[in-house]
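So this block is input.txt, compact mmCIF, C-alpha atoms:
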# COMPACT_ATOMS: atom_id res chain seq x y z
CA MET A 412 99.02 90.36 28.30
CA LEU A 413 95.52 90.03 26.84
CA LEU A 414 95.11 86.71 28.65
CA VAL A 415 96.09 88.24 31.99
CA ALA A 416 93.70 91.17 31.45
CA LEU A 417 90.84 88.83 30.57
CA ALA A 418 91.58 86.71 33.64
CA ALA A 419 91.52 89.75 35.90
CA VAL A 420 88.28 91.04 34.38
CA ALA A 421 86.67 87.59 34.73
CA VAL A 422 87.49 87.41 38.43
CA VAL A 423 86.26 90.99 39.03
CA CYS A 424 83.01 90.23 37.19
CA GLY A 425 82.62 87.06 39.27
CA VAL A 426 83.02 89.06 42.47
CA GLN A 427 80.42 91.56 41.24
CA ALA A 428 78.01 88.72 40.42
CA ILE A 429 78.26 87.60 44.05
CA ARG A 430 78.16 91.06 45.60
CA THR A 431 75.34 92.74 43.72
CA HIS A 432 71.94 92.69 45.41
CA ARG A 433 69.82 92.53 42.26
CA LEU A 434 69.53 89.12 40.64
CA ILE A 435 69.17 90.59 37.15
CA MET A 436 72.49 92.37 37.56
CA ALA A 437 74.04 89.15 38.88
CA SER A 438 73.00 87.38 35.68
CA VAL A 439 74.52 90.21 33.61
CA TRP A 440 77.81 89.95 35.52
CA LEU A 441 77.72 86.18 35.01
CA ALA A 442 77.37 86.74 31.28
CA ALA A 443 80.46 88.95 31.45
CA VAL A 444 82.34 86.16 33.23
CA SER A 445 81.32 83.78 30.44
CA ALA A 446 82.45 86.21 27.76
CA CYS A 447 85.85 86.64 29.42
CA ALA A 448 86.20 82.87 29.84
CA ALA A 449 85.37 82.39 26.16
CA GLY A 450 88.00 84.97 25.22
CA MET A 451 90.61 83.20 27.32
CA LEU A 452 89.72 79.82 25.81
CA TYR A 453 90.01 81.28 22.32
CA ALA A 454 93.36 82.83 23.14
CA VAL A 455 94.89 79.50 24.17
CA GLY A 456 93.66 77.74 21.03
CA ALA A 457 90.53 76.01 22.34
CA ARG A 458 88.38 77.67 19.70
CA GLU A 459 85.49 75.21 19.49
CA VAL A 460 84.79 75.15 23.20
CA ALA A 461 85.18 78.95 23.28
CA VAL A 462 82.37 79.33 20.75
CA ILE A 463 80.17 76.89 22.68
CA GLU A 464 80.92 78.70 25.94
CA LEU A 465 80.04 82.03 24.35
CA SER A 466 76.78 80.84 22.85
CA VAL A 467 75.63 78.79 25.84
CA GLY A 468 77.11 80.83 28.70
CA VAL A 469 76.35 84.31 27.44
CA GLY A 470 73.25 83.46 25.43
CA LEU A 471 71.22 80.53 26.67
CA VAL A 472 72.01 80.62 30.39
CA THR A 473 71.48 84.39 30.60
CA VAL A 474 68.11 84.09 28.89
CA LEU A 475 67.17 81.25 31.23
CA LEU A 476 68.20 83.25 34.28
CA VAL A 477 66.29 86.36 33.19
CA PHE A 478 63.24 84.19 32.44
CA ALA A 479 63.42 82.52 35.87
CA ILE A 480 63.94 85.84 37.67
CA THR A 481 60.97 87.33 35.83
CA MET A 482 58.78 84.39 36.85
CA ALA A 483 59.98 84.13 40.43
CA GLY A 484 60.50 87.83 41.09
CA GLU A 485 63.31 89.57 42.93
CA SER A 486 62.33 88.31 46.36
CA ALA A 487 64.19 90.01 49.18
CA THR A 488 66.52 87.55 50.88
CA PRO A 489 68.15 88.52 54.18
CA ALA A 490 71.73 89.65 53.77
CA ARG A 491 72.91 87.48 56.65
CA SER A 492 74.90 84.61 55.17
CA VAL A 493 74.71 80.90 55.96
CA VAL A 494 78.17 80.91 57.55
CA PRO A 495 80.03 83.93 58.96
CA ALA A 496 81.80 85.88 56.22
CA SER A 497 85.14 85.75 58.04
CA LEU A 498 84.97 81.96 58.29
CA ALA A 499 84.06 81.77 54.59
CA TRP A 500 87.09 83.91 53.70
CA VAL A 501 89.40 81.71 55.78
CA LEU A 502 88.08 78.53 54.15
CA VAL A 503 88.36 79.95 50.64
CA ILE A 504 91.88 81.33 51.11
CA ALA A 505 93.09 78.09 52.70
CA SER A 506 91.67 75.93 49.90
CA LEU A 507 93.03 78.26 47.20
CA ALA A 508 96.48 78.31 48.80
CA MET A 509 96.59 74.52 48.88
CA LEU A 510 95.32 74.15 45.31
CA GLY A 511 97.53 76.91 43.95
CA GLY A 512 100.60 75.47 45.63
CA ALA A 513 99.87 72.05 44.19
CA LEU A 514 98.95 73.12 40.64
CA LEU A 515 100.92 76.25 39.77
CA PRO A 516 102.96 76.90 37.73
CA LEU A 517 101.92 74.70 34.84
CA PRO A 518 104.51 73.90 32.17
CA GLY A 519 104.33 75.50 28.77
CA PRO A 520 102.67 73.81 25.80
CA THR A 521 104.24 70.44 25.10
CA ALA A 522 104.11 68.45 21.90
CA GLY A 523 101.68 65.80 23.00
CA VAL A 524 99.37 63.61 20.97
CA THR A 525 97.26 66.20 19.16
CA VAL A 526 93.90 64.60 18.55
CA PRO A 527 91.37 66.76 16.67
CA LEU A 528 88.26 67.69 18.61
CA ALA A 529 85.95 65.88 16.18
CA GLN A 530 87.85 62.62 16.64
CA ALA A 531 88.06 63.04 20.41
CA LEU A 532 84.36 63.83 20.68
CA TRP A 533 82.74 61.47 18.18
CA GLN A 534 85.12 58.49 18.22
CA ASP A 535 87.15 58.39 21.43
CA ARG A 536 84.27 59.58 23.62
CA GLY A 537 81.29 58.43 21.58
CA LEU A 538 79.58 56.84 24.59
CA ASP A 539 79.88 60.09 26.55
CA VAL A 540 78.25 62.00 23.71
CA LEU A 541 75.38 59.52 23.75
CA ALA A 542 75.07 60.02 27.50
CA GLN A 543 74.97 63.78 26.92
CA ALA A 544 72.08 63.38 24.48
CA VAL A 545 70.19 61.31 27.05
CA LEU A 546 70.99 63.91 29.72
CA ILE A 547 69.63 66.75 27.59
CA PHE A 548 66.49 64.74 26.85
CA ALA A 549 66.04 64.02 30.57
CA GLY A 550 66.52 67.69 31.37
CA VAL A 551 63.89 68.77 28.88
CA LEU A 552 61.44 66.19 30.21
CA GLY A 553 62.16 67.27 33.78
CA VAL A 554 61.50 70.92 33.06
CA LEU A 555 58.33 70.10 31.15
CA GLY A 556 57.14 68.05 34.10
CA LEU A 557 57.96 70.76 36.61
CA LEU A 558 56.32 73.57 34.68
CA SER A 559 53.29 71.67 33.44
CA GLY A 560 52.43 70.45 36.96
CA GLU A 561 51.70 74.02 37.99
CA ALA A 562 49.66 74.75 34.86
CA ARG A 563 47.42 71.71 35.44
CA ARG A 564 46.76 72.77 39.02
CA MET B 206 109.90 85.41 33.91
CA THR B 207 106.54 85.26 32.14
CA ALA B 208 103.89 82.74 33.02
CA SER B 209 102.76 80.30 30.35
CA PRO B 210 99.22 80.67 28.94
CA ALA B 211 98.22 77.47 30.70
CA THR B 212 99.38 78.91 34.03
CA VAL B 213 97.37 82.11 33.48
CA LEU B 214 94.32 80.04 32.54
CA MET B 215 94.70 77.86 35.62
CA ALA B 216 95.17 80.94 37.84
CA ALA B 217 91.98 82.44 36.41
CA GLY B 218 90.22 79.15 37.12
CA LEU B 219 91.48 79.19 40.69
CA GLY B 220 90.33 82.80 41.10
CA LEU B 221 86.85 81.95 39.87
CA LEU B 222 86.86 78.85 42.08
CA GLY B 223 87.56 81.05 45.11
CA VAL B 224 84.80 83.48 44.15
CA GLY B 225 82.39 80.60 43.61
CA LEU B 226 83.25 78.86 46.88
CA TYR B 227 82.80 82.10 48.81
CA GLY B 228 79.50 82.77 47.07
CA LEU B 229 78.27 79.26 47.77
CA LEU B 230 79.05 79.68 51.46
CA ILE B 231 77.32 83.05 51.89
CA SER B 232 74.36 82.84 49.47
CA ARG B 233 70.85 82.11 50.67
CA ASN B 234 68.87 82.88 47.53
CA LEU B 235 68.17 79.85 45.32
CA ILE B 236 68.63 81.70 42.02
CA ARG B 237 71.85 83.29 43.26
CA ILE B 238 73.10 79.81 44.14
CA VAL B 239 72.53 78.82 40.50
CA VAL B 240 74.57 81.87 39.42
CA VAL B 241 77.36 80.82 41.80
CA LEU B 242 77.30 77.27 40.43
CA GLN B 243 77.72 78.70 36.95
CA VAL B 244 80.80 80.61 38.12
CA LEU B 245 82.20 77.38 39.57
CA VAL B 246 81.65 75.55 36.29
CA LYS B 247 83.49 78.28 34.37
CA ALA B 248 86.41 77.63 36.71
CA ALA B 249 86.22 73.90 35.97
CA VAL B 250 86.19 74.44 32.20
CA LEU B 251 89.16 76.83 32.40
CA ALA B 252 91.10 74.34 34.51
CA LEU B 253 90.35 71.48 32.11
CA VAL B 254 91.52 73.43 29.08
CA ALA B 255 94.58 74.66 30.98
CA ALA B 256 95.53 71.08 31.79
CA GLY B 257 94.98 70.06 28.16
CA SER B 258 97.04 72.97 26.92
CA ALA B 259 99.90 72.12 29.26
CA SER B 260 99.91 68.43 28.34
CA GLY B 261 99.48 69.02 24.60
CA ARG B 262 96.09 67.27 24.45
CA ILE B 263 93.89 70.27 23.74
CA GLY B 264 91.39 68.23 21.67
CA LEU B 265 90.63 65.87 24.53
CA SER B 266 90.33 68.73 27.01
CA GLN B 267 87.96 70.56 24.67
CA SER B 268 85.72 67.51 24.37
CA LEU B 269 85.64 67.24 28.16
CA GLY B 270 84.86 70.96 28.38
CA VAL B 271 81.92 70.55 26.01
CA THR B 272 80.60 67.72 28.20
CA VAL B 273 80.89 69.88 31.32
CA ILE B 274 79.10 72.81 29.65
CA VAL B 275 76.23 70.60 28.46
CA ALA B 276 75.78 68.92 31.84
CA ASP B 277 75.96 72.26 33.63
CA THR B 278 73.33 73.79 31.38
CA VAL B 279 70.93 70.93 32.09
CA VAL B 280 71.58 71.32 35.82
CA ALA B 281 70.92 75.07 35.58
CA VAL B 282 67.67 74.55 33.68
CA ILE B 283 66.33 72.05 36.21
CA ALA B 284 67.53 74.12 39.19
CA LEU B 285 65.86 77.26 37.86
CA ALA B 286 62.61 75.38 37.19
CA LEU B 287 62.75 74.06 40.75
CA ALA B 288 63.40 77.58 42.08
CA VAL B 289 60.36 78.91 40.24
CA GLN B 290 58.21 76.11 41.68
CA VAL B 291 59.60 76.73 45.20
CA GLN B 292 58.80 80.43 44.90
CA ARG B 293 55.24 79.64 43.82
CA ARG B 294 54.64 77.10 46.56
CA PHE B 295 56.42 78.67 49.52
CA GLY B 296 56.57 82.32 48.50
CA THR B 297 60.28 82.63 49.15
CA LEU B 298 63.64 81.77 47.64
CA ASP B 299 65.50 81.81 50.96
CA VAL B 300 67.06 78.40 51.61
CA ARG B 301 66.83 78.90 55.38
CA ALA B 302 63.09 79.44 55.18
CA LEU B 303 62.66 76.23 53.21
CA SER B 304 63.81 73.92 55.98
CA SER B 305 60.27 72.77 56.70
CA LEU B 306 61.05 69.09 57.27
CA LYS B 307 60.17 68.12 60.85
CA GLY B 308 61.19 65.17 62.91
Now, as a test, write the supplied structure out as structure tokens.
Amino acid sequence: MLLVALAAVAVVCGVQAIRTHRLIMASVWLAAVSACAAGMLYAVGAREVAVIELSVGVGLVTVLLVFAITMAGESATPARSVVPASLAWVLVIASLAMLGGALLPLPGPTAGVTVPLAQALWQDRGLDVLAQAVLIFAGVLGVLGLLSGEARR
Amino acid sequence: MTASPATVLMAAGLGLLGVGLYGLLISRNLIRIVVVLQVLVKAAVLALVAAGSASGRIGLSQSLGVTVIVADTVVAVIALALAVQVQRRFGTLDVRALSSLKG
């Protein structure tokens, strides 16, 4: 019941993040989506990724968004969308119907090979973790380059 | 008949996927596009964990979820930095107004 309620709230918050005109409010609604997603992950037993989602999704990304909005300003963008809204609805509903028909319902929890997260992350996927570290380093360097270029000018 | 937790999680992921796809199709503001991408990534993480929960390999799905969250955060950081630079250089965040390539 809690899981269903969290799922419904997450989708409603996602819709509000798209619909609201103010970017600051969109980032707040996005934080609410992250919080609901973290709650759902915790409820199904994925506790570690729930904590990471909560700290990164609600904390770091929201701070980054507010910082970027403060720097760039709430510039007025025309409300007219890239594609007609009716066409967008048709495309979304068609893709969701196909995906939902193919994926749902999922079976209940099965007794598979339960590998602890630490083993899966540090031993089975050690190379991926190394790639993540390189990715983070590249991201930091990229942002430093982008922001310092303006300061030098 | 009650749905399994994995089914509810996957349904939530599909719902967020629909919201994200719709937002991606109608948004013209660069920062709003980053917000929409974040919604899409939440859907991906929920779907990954739902699949792991259904197959009994929750540890593996969590490690994949962590990878997705890290990669998405780096993408968001770089995209937001680019949006700030675009706003400074062109004075707008509208993607239609940025199509200045000629030829």
Select all residues near (86.7, 64.5, 19.7) (cut-off 10 Å, inclusive, file coordinates), counting all atoms listed in the file, and output them as a ChimeraX atom specification.
/A:526-537,540 /B:264-269,271
- Item | From A:Val439, A:Met482, A:Val426, A:Leu476, residue lying nearest Gln292 of chain B [all atoms listed in the file] |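 Smallest distance to Gln292 of chain B is found for A:Met482.
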Separation of atom CA of Gly296 of chain B from atom CA of Gly468 of chain A in Å: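 If I compute the distance from atom CA of Gly468 of chain A to atom CA of Gly296 of chain B, I get 28.6 Å.
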Using all atoms listed in the file, the residue out of A:Val503, A:Val423, A:Val469, A:Leu498 with shortest distance to chain B is A:Val503
Could you pull out every residue with an atom within 9 Å of (98.7, 79.7, 28.0), file coordinates, counting only C-alpha atoms, and send them as a PyMOL selection string?
(chain A and resi 414+451+454-456+519-520) or (chain B and resi 208-215+255+258-259)
Can I get the selection written as a compact mmCIF listing (two decimals), in the frame of the given file, with C-alpha atoms?
# COMPACT_ATOMS: atom_id res chain seq x y z
CA LEU A 414 95.11 86.71 28.65
CA MET A 451 90.61 83.20 27.32
CA ALA A 454 93.36 82.83 23.14
CA VAL A 455 94.89 79.50 24.17
CA GLY A 456 93.66 77.74 21.03
CA GLY A 519 104.33 75.50 28.77
CA PRO A 520 102.67 73.81 25.80
CA ALA B 208 103.89 82.74 33.02
CA SER B 209 102.76 80.30 30.35
CA PRO B 210 99.22 80.67 28.94
CA ALA B 211 98.22 77.47 30.70
CA THR B 212 99.38 78.91 34.03
CA VAL B 213 97.37 82.11 33.48
CA LEU B 214 94.32 80.04 32.54
CA MET B 215 94.70 77.86 35.62
CA ALA B 255 94.58 74.66 30.98
CA SER B 258 97.04 72.97 26.92
CA ALA B 259 99.90 72.12 29.26
What's the 8 Å shell around Gln243 of chain B, counting all atoms listed in the file, without same-chain residues fewer than 3 positions away, as a count of residues only?
7
Counting all atoms listed in the file, closest pick from B:Ile231, B:Ala216, B:Leu242, B:Val300 relative to chain A is B:Ile231
B:Val289, B:Ile238, B:Ala248, B:Leu253 ranked by distance to chain A, top pick (using only C-alpha atoms):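 Closest to chain A of all the choices is B:Val289.
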Mind checking which residues fall within 7 Å of Leu230 of chain B, counting all atoms listed in the file, ignoring those fewer than 4 positions away in the same chain, and posting them as a ChimeraX atom specification? /A:493-494,499 /B:226
- Query: Just how far from atom CA of Gly484 of chain A is atom CA of Leu287 of chain B, in Å to one decimal?
  - Reply: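 So the two atoms, atom CA of Leu287 of chain B and atom CA of Gly484 of chain A, lie 14.0 Å apart.
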My list of candidates is B:Arg233, B:Gly220, B:Leu285, B:Gly225. Which is closest to Ala302 of chain B when distances are computed with only C-alpha atoms?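 The closest residue to Ala302 of chain B is B:Arg233.
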Computed gap from atom CA of Arg301 of chain B to atom CA of Ile504 of chain A is 25.5 Å
Notebook entry, point to check: Looking at B:Val282, B:Gly223, B:Leu235, B:Phe295, which one is nearest to Ala505 of chain A, with distances taken over all atoms listed in the file?
Noted result: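 The closest residue to Ala505 of chain A is B:Gly223.
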Because the input lacks atoms here, generate N, CA and C atoms for segment 213-236 of chain B and report them as a short mmCIF file (atom, residue, chain, number, x, y, z; two decimals), in the coordinates of the input.
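As written to disk, part15.cif reads:
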data_model
loop_
_atom_site.label_atom_id
_atom_site.label_comp_id
_atom_site.auth_asym_id
_atom_site.auth_seq_id
_atom_site.Cartn_x
_atom_site.Cartn_y
_atom_site.Cartn_z
N VAL B 213 98.32 80.99 33.33
CA VAL B 213 97.37 82.11 33.48
C VAL B 213 95.94 81.57 33.50
N LEU B 214 95.67 80.61 32.61
CA LEU B 214 94.32 80.04 32.54
C LEU B 214 93.98 79.32 33.85
N MET B 215 94.95 78.57 34.37
CA MET B 215 94.70 77.86 35.62
C MET B 215 94.54 78.84 36.78
N ALA B 216 95.31 79.94 36.78
CA ALA B 216 95.17 80.94 37.84
C ALA B 216 93.80 81.60 37.77
N ALA B 217 93.33 81.88 36.56
CA ALA B 217 91.98 82.44 36.41
C ALA B 217 90.93 81.46 36.92
N GLY B 218 91.14 80.17 36.61
CA GLY B 218 90.22 79.15 37.12
C GLY B 218 90.22 79.09 38.63
N LEU B 219 91.40 79.21 39.23
CA LEU B 219 91.48 79.19 40.69
C LEU B 219 90.80 80.43 41.28
N GLY B 220 90.99 81.58 40.62
CA GLY B 220 90.33 82.80 41.10
C GLY B 220 88.82 82.66 41.07
N LEU B 221 88.30 82.14 39.96
CA LEU B 221 86.85 81.95 39.87
C LEU B 221 86.37 80.88 40.85
N LEU B 222 87.22 79.88 41.09
CA LEU B 222 86.86 78.85 42.08
C LEU B 222 86.72 79.48 43.46
N GLY B 223 87.65 80.38 43.81
CA GLY B 223 87.56 81.05 45.11
C GLY B 223 86.30 81.90 45.21
N VAL B 224 86.01 82.65 44.14
CA VAL B 224 84.80 83.48 44.15
C VAL B 224 83.56 82.59 44.30
N GLY B 225 83.54 81.48 43.56
CA GLY B 225 82.39 80.60 43.61
C GLY B 225 82.22 79.94 44.97
N LEU B 226 83.33 79.49 45.56
CA LEU B 226 83.25 78.86 46.88
C LEU B 226 82.73 79.85 47.92
N TYR B 227 83.26 81.07 47.86
CA TYR B 227 82.80 82.10 48.81
C TYR B 227 81.31 82.38 48.61
N GLY B 228 80.91 82.51 47.35
CA GLY B 228 79.50 82.77 47.07
C GLY B 228 78.60 81.64 47.53
N LEU B 229 79.07 80.42 47.35
CA LEU B 229 78.27 79.26 47.77
C LEU B 229 78.10 79.23 49.29
N LEU B 230 79.13 79.70 50.00
CA LEU B 230 79.05 79.68 51.46
C LEU B 230 78.14 80.78 52.00
N ILE B 231 78.07 81.93 51.30
CA ILE B 231 77.32 83.05 51.89
C ILE B 231 75.95 83.24 51.27
N SER B 232 75.63 82.56 50.16
CA SER B 232 74.36 82.84 49.47
C SER B 232 73.21 82.09 50.11
N ARG B 233 72.06 82.76 50.16
CA ARG B 233 70.85 82.11 50.67
C ARG B 233 69.73 82.10 49.65
N ASN B 234 69.91 82.82 48.56
CA ASN B 234 68.87 82.88 47.53
C ASN B 234 69.09 81.76 46.51
N LEU B 235 68.02 81.02 46.20
CA LEU B 235 68.17 79.85 45.32
C LEU B 235 68.70 80.24 43.94
N ILE B 236 68.18 81.32 43.37
CA ILE B 236 68.63 81.70 42.02
C ILE B 236 70.08 82.18 42.06
#
